[in-house]
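Asker: Sharing a structure with you now.
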Amino acid sequence: MTVLSTLFDTGSEQFRLDRRAMLDALGPLESLADRVLEAGGGKSVDRHRARGKLLARERVDLLLDEDAPFLELSCYAGAHEPAEQPGGRLITGIGPVRGVECVIIASQSTVKGGSLNPDAVAKKLRALEIAEHNRLPVITLVESGGADLPRQAETFIPGGRIFRKLTRLAAAGIPTISLVFGSSTAGGAYLPGMSQYTVLVKQAASVYLGGPPLVKMAINEEIDDESLGGAEMHARVSGLADYLAEDERDALRLGRQIVSDLRWTKAGPGPSLPADPPVHDPGELLACAAADAKRSVDVREILARVLDGSRFDEFKPLYGTQLVTGWGSIAGYPIGILANNGILFSDEANKGAHFIQLANDRSIPLVFVQNITGFMVGSAAERGGIIKDGAKLINAVSNSTVPHLTLMIGASYGAGNYAMSGRAYEPRFVFTWPNHRIAVMGGPQLGGVMSIIRKAAADRAGVEYSDVEDAQVRGEIEDMIDSQSGAIYATGRGWDDGVIDPRDTRAVLGLALSATHSAPVTGTSRFATFRL
Ligand code: COA
């Protein structure tokens, strides 16, 4: 295979500026990460510890195999809501338990009692979706106040899908395990209720549809917490608990034992190629996104720092050159790559559709590297059939059945986001770099379009629309689009599975690829009619 070379001048001013811009973009993420790790802060954490309990993150660590990597997902869920602690009141991710990659979902009871606000519901549903698509067993570590009551109007209806998804996972043959450490009230009681295996911690788990105050109010029965829904009662009387744990560590040990007894094996192929590191320094990925959005770095420079041995066999290198396609591998897993080197014209769209068909023919996963401002517009492009060619690419992306991973390294605008397997096209995972921007179009473009529309409307109505007013409205729109297009806003809203440090790209994609191979990897030849 061809080993990619590099044209980077690491001593140049350009390199220094691009690297500096990426480090600046990483700064706010580091502050967010600190806030996530606070897990609700001093008083709440102290109270939790005083009760002899482990923090959610400690539980996850003890559940995982020692020193195993944990691919944490949606770390900064809710980061767009200034009043919220970032993290979505949950920890979710993929890690090995007794050698089996599992989706782990742990409530953070130190953050608002672990109650589920809209970000938490979305984060939990996303983790369950990942389990479903990648055939990964699910372990839920339960200790939660259930629905965020003041925000019940936003959580009640979508939250119901959590329980449906849990039971459908089991019906699809994907194991579901609940370890209950504390409160699991009302709807939350269905977390163990809908799981195939349950472990309840003695003198700590309380699982009931209505707590003692509600029972008193509803049927005038006086009963204490433990007798109503304690672990002993559920293990000996109701039968909801399959295993009674002496304490939290015992529950985690039992969880590991249950996974081991599953005798779970991956259904996809294992790595089949050498997994040697790239020959070019991954640290230089910090300078692989241009500080100035109008300039871009050749995407091959990124591939050269991510792929095994920097090996990349390019497909159709002389045709549709703004879309780079070819074969390589990460962590020994063969992949096909589609990566932007500019906007998409008809040739690029046709080349992409062709390449996706080839990957499906060979059942090889696809990695999309997005830096795309959209498809070409204008009369020449329209006469050349940009709509039907773009539709071919979107058809291929939509109907392809091999796993897709999407990495967003710069712009993700308009139909370019769709054609390069954006979130709506159900890639197995979407990761972004901190410089990334995502919107239907850029702020100045959107402001300009709205300005033309408003001026035309004012002309039709015969009213005056001054330049001053236009500039003010335009400025407001641009500011709004700007604040809603950044990487932190996007990840807060759950539009991706995480913003990553560019230097971690290879490790993150490698873990994600490994997870996707828990399910069979099978391509298709059934696409919609291609508009030729
Ligand atoms: N919705 C919104 N906030 C909730 C909440 C809920 N369901 N449950 C707890 N909280 C908040 C509390 O208001 C408190 O907020 P604060 O830190 O701003 O003061 C924080 O979480 C901790 O709650 P607290 O009751 O002090 O902690 P605790 O550890 O003693 O008890 C629970 C935790 C979950 C057992 C208890 O809060 C509880 O019973 N909550 C209601 C459970 C319920 O009936 N849910 C119904 C869901 S349908």
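Labels for the structure tokens follow display order: chains A, B, ..., residues from 1 in each chain, ligands from 1.
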Which protein, DNA or RNA residues have an atom within 6 Å of ligand 1, counting only C-alpha atoms and all ligand atoms, as a PyMOL selection string?

Answerer: chain A and resi 112-113+115+144-149+183+185-187

Asker: Can you list, as an MDAnalysis selection string, every protein, DNA or RNA residue that comes within 9 Å of Ile223 in chain A when you count only C-alpha atoms, leaving out same-chain residues fewer than 5 positions away?

Answerer: chainID A and resid 212:213 215:216 228

Asker: Could you write those residues out with N, CA, C and O atoms, as a PDB file, in the first residue's frame?

Answerer:
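Result file follows (selection_12.pdb):
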```
ATOM      1  N   PRO A 212     -43.055   6.088  50.095  1.00  0.00           N
ATOM      2  CA  PRO A 212     -43.921   6.099  51.268  1.00  0.00           C
ATOM      3  C   PRO A 212     -44.897   7.292  51.329  1.00  0.00           C
ATOM      4  O   PRO A 212     -46.080   7.076  51.621  1.00  0.00           O
ATOM      5  N   PRO A 213     -44.444   8.543  51.006  1.00  0.00           N
ATOM      6  CA  PRO A 213     -45.414   9.641  51.101  1.00  0.00           C
ATOM      7  C   PRO A 213     -46.583   9.476  50.125  1.00  0.00           C
ATOM      8  O   PRO A 213     -47.738   9.735  50.467  1.00  0.00           O
ATOM      9  N   VAL A 215     -47.723   6.644  48.874  1.00  0.00           N
ATOM     10  CA  VAL A 215     -48.548   5.512  49.300  1.00  0.00           C
ATOM     11  C   VAL A 215     -49.515   5.965  50.401  1.00  0.00           C
ATOM     12  O   VAL A 215     -50.704   5.634  50.393  1.00  0.00           O
ATOM     13  N   LYS A 216     -48.978   6.779  51.332  1.00  0.00           N
ATOM     14  CA  LYS A 216     -49.818   7.301  52.418  1.00  0.00           C
ATOM     15  C   LYS A 216     -50.955   8.144  51.834  1.00  0.00           C
ATOM     16  O   LYS A 216     -52.118   8.001  52.211  1.00  0.00           O
ATOM     17  N   LEU A 228     -41.105  -1.241  51.770  1.00  0.00           N
ATOM     18  CA  LEU A 228     -41.854  -0.978  50.534  1.00  0.00           C
ATOM     19  C   LEU A 228     -41.083  -1.385  49.288  1.00  0.00           C
ATOM     20  O   LEU A 228     -41.654  -1.966  48.356  1.00  0.00           O
TER      21      LEU A 228
END
```

Asker: Could you write out, as JSON, numbers by chain, all the residues of range 273-392 of chain A that DSSP marks as strand (DSSP E or B)?

Answerer: {"A": [311, 313, 314, 315, 323, 324, 325, 326, 327, 328, 329, 330, 333, 334, 335, 336, 337, 338, 339, 340, 344, 366, 367, 368, 369, 370, 371, 372, 375]}

Asker: May I have the residues within 6 Å of range 351-364 of chain A as a list in words, using only C-alpha atoms and disregarding those fewer than 6 positions away in the same chain?

Answerer: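 Here the answer would be Ile335, Leu393, Ala396, Thr522, Gly523 and Thr524 of chain A.
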
Asker: If you keep C-alpha atoms, can you produce a file of those selected residues as a PDB file, in the first residue's frame?

Answerer:
```
ATOM      1  CA  ILE A 335     -11.942   0.962   6.212  1.00  0.00           C
ATOM      2  CA  LEU A 393     -24.600  10.400  -3.065  1.00  0.00           C
ATOM      3  CA  ALA A 396     -25.818   5.765  -1.365  1.00  0.00           C
ATOM      4  CA  THR A 522     -22.535  -6.615   6.033  1.00  0.00           C
ATOM      5  CA  GLY A 523     -22.849  -4.434   2.967  1.00  0.00           C
ATOM      6  CA  THR A 524     -25.805  -4.190   0.639  1.00  0.00           C
TER       7      THR A 524
END
```

Asker: For Ser421 in chain A, which residue among A:Cys288, A:Leu318, A:Leu179, A:Ile372 is the nearest when counting only C-alpha atoms?

Answerer: A:Ile372
